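Asker: Data: upload.cif, mmCIF, C-alpha atoms.
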data_final
loop_
_atom_site.label_atom_id
_atom_site.label_comp_id
_atom_site.auth_asym_id
_atom_site.auth_seq_id
_atom_site.Cartn_x
_atom_site.Cartn_y
_atom_site.Cartn_z
CA ILE A 8 -152.68 -162.97 -19.96
CA PRO A 9 -153.98 -161.64 -23.31
CA GLY A 10 -157.00 -160.36 -21.39
CA VAL A 11 -154.74 -157.97 -19.48
CA ILE A 12 -151.64 -157.51 -21.62
CA GLU A 13 -151.92 -155.82 -24.99
CA ASP A 14 -148.93 -156.64 -27.15
CA GLY A 15 -146.83 -153.55 -27.73
CA ARG A 16 -149.00 -151.35 -25.52
CA ASN A 17 -148.37 -152.58 -21.97
CA GLY A 18 -146.21 -155.62 -22.58
CA LEU A 19 -144.91 -158.03 -25.15
CA LEU A 20 -146.74 -161.27 -25.82
CA VAL A 21 -145.09 -164.40 -27.12
CA ASP A 22 -146.57 -167.76 -27.98
CA PRO A 23 -146.24 -170.28 -25.12
CA GLY A 24 -143.13 -172.38 -25.51
CA ASN A 25 -141.74 -170.27 -28.38
CA THR A 26 -138.21 -169.65 -27.17
CA VAL A 27 -137.27 -167.72 -30.33
CA GLN A 28 -140.07 -165.19 -29.74
CA MET A 29 -139.13 -164.97 -26.05
CA ALA A 30 -135.48 -164.30 -26.91
CA ARG A 31 -136.49 -161.60 -29.41
CA ALA A 32 -138.80 -159.93 -26.89
CA LEU A 33 -136.10 -159.93 -24.21
CA GLU A 34 -133.58 -158.60 -26.71
CA GLN A 35 -135.97 -155.77 -27.63
CA LEU A 36 -136.41 -154.82 -23.99
CA THR A 37 -132.73 -154.92 -23.14
CA GLN A 38 -131.71 -152.94 -26.22
CA ASP A 39 -134.50 -150.35 -26.14
CA GLY A 40 -134.70 -148.73 -22.74
CA ALA A 41 -137.38 -146.29 -23.90
CA LEU A 42 -139.61 -149.18 -25.01
CA ALA A 43 -139.07 -150.99 -21.72
CA ALA A 44 -139.90 -147.84 -19.74
CA ARG A 45 -143.02 -147.10 -21.83
CA LEU A 46 -144.32 -150.65 -21.46
CA ALA A 47 -143.61 -150.59 -17.72
CA ARG A 48 -145.52 -147.34 -17.22
CA ALA A 49 -148.47 -148.62 -19.26
CA ALA A 50 -148.45 -151.93 -17.37
CA CYS A 51 -148.55 -150.13 -14.01
CA LYS A 52 -151.43 -147.97 -15.23
CA THR A 53 -153.34 -151.07 -16.39
CA VAL A 54 -152.87 -152.78 -13.04
CA HIS A 55 -153.96 -149.72 -11.08
CA GLU A 56 -157.02 -149.20 -13.26
CA ARG A 57 -158.18 -152.80 -13.47
CA PHE A 58 -157.04 -154.27 -10.18
CA ASP A 59 -157.40 -151.39 -7.73
CA ILE A 60 -158.21 -152.87 -4.31
CA ALA A 61 -161.05 -150.42 -3.64
CA GLN A 62 -162.66 -151.30 -6.97
CA MET A 63 -162.27 -155.02 -6.29
CA VAL A 64 -163.88 -154.64 -2.85
CA ARG A 65 -166.84 -152.83 -4.41
CA GLN A 66 -167.22 -155.63 -6.96
CA VAL A 67 -167.15 -158.33 -4.27
CA GLU A 68 -169.62 -156.39 -2.12
CA SER A 69 -171.90 -156.00 -5.12
CA LEU A 70 -171.66 -159.70 -5.89
CA TYR A 71 -172.45 -160.74 -2.32
CA GLY A 72 -175.24 -158.16 -2.15
CA LYS A 73 -176.92 -159.80 -5.14
CA VAL A 74 -176.51 -163.28 -3.67
CA LEU A 75 -177.91 -162.32 -0.27
CA ARG A 76 -180.98 -160.54 -1.62
#
Using structure tokens, write down the structure that the file contains.
Answerer:
Amino acid sequence: IPGVIEDGRNGLLVDPGNTVQMARALEQLTQDGALAARLARAACKTVHERFDIAQMVRQVESLYGKVLR
């Protein structure tokens, strides 16, 4: 997840199993609608930029093209 999510930019990261951090992050999001909206917009942008289906198809085609040569 840290390879895709940047804490405070397009999401909030917490240490695995740290329920206190998780509760604080959820509290932040529920109390700060502007923060939640900003993170959501940035997350959508990240997904569209990094995981666009057309881009992924090109990458797979490129990979297979190298293997078949």
Asker: Counting all atoms listed in the file, note down every residue that has an atom within 10 Å of the point (-149.0, -150.1, -19.0) (file coordinates), as an NGL selection string.
Answerer: :A and (11-13 or 15-18 or 44-56)
Asker: Would you save the residues from that selection as a PDB file, in the frame of the given file, using C-alpha atoms?
Answerer:
ATOM      1  CA  VAL A  11    -154.740-157.970 -19.480  1.00  0.00           C
ATOM      2  CA  ILE A  12    -151.640-157.510 -21.620  1.00  0.00           C
ATOM      3  CA  GLU A  13    -151.920-155.820 -24.990  1.00  0.00           C
ATOM      4  CA  GLY A  15    -146.830-153.550 -27.730  1.00  0.00           C
ATOM      5  CA  ARG A  16    -149.000-151.350 -25.520  1.00  0.00           C
ATOM      6  CA  ASN A  17    -148.370-152.580 -21.970  1.00  0.00           C
ATOM      7  CA  GLY A  18    -146.210-155.620 -22.580  1.00  0.00           C
ATOM      8  CA  ALA A  44    -139.900-147.840 -19.740  1.00  0.00           C
ATOM      9  CA  ARG A  45    -143.020-147.100 -21.830  1.00  0.00           C
ATOM     10  CA  LEU A  46    -144.320-150.650 -21.460  1.00  0.00           C
ATOM     11  CA  ALA A  47    -143.610-150.590 -17.720  1.00  0.00           C
ATOM     12  CA  ARG A  48    -145.520-147.340 -17.220  1.00  0.00           C
ATOM     13  CA  ALA A  49    -148.470-148.620 -19.260  1.00  0.00           C
ATOM     14  CA  ALA A  50    -148.450-151.930 -17.370  1.00  0.00           C
ATOM     15  CA  CYS A  51    -148.550-150.130 -14.010  1.00  0.00           C
ATOM     16  CA  LYS A  52    -151.430-147.970 -15.230  1.00  0.00           C
ATOM     17  CA  THR A  53    -153.340-151.070 -16.390  1.00  0.00           C
ATOM     18  CA  VAL A  54    -152.870-152.780 -13.040  1.00  0.00           C
ATOM     19  CA  HIS A  55    -153.960-149.720 -11.080  1.00  0.00           C
ATOM     20  CA  GLU A  56    -157.020-149.200 -13.260  1.00  0.00           C
TER      21      GLU A  56
END
Asker: List the neighbours of Val21 in chain A out to 8 Å using only C-alpha atoms; skip same-chain residues closer than 6 positions along the sequence, and give me the result as JSON, numbers by chain.
Answerer: {"A": [28, 29, 32]}
Asker: Distance CA of Asp39 in chain A-CA of Leu20 in chain A, one decimal place?
Answerer: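 Between CA of Asp39 in chain A and CA of Leu20 in chain A the gap is 16.4 Å.
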Asker: Do you have the CA of Asn25 in chain A-CA of Pro9 in chain A distance handy?
Answerer: 15.8 Å
Asker: Could you state the separation of CA of Gln38 in chain A and CA of Gly10 in chain A in Å, given to one decimal place?
Answerer: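 Those two atoms sit 26.8 Å apart.
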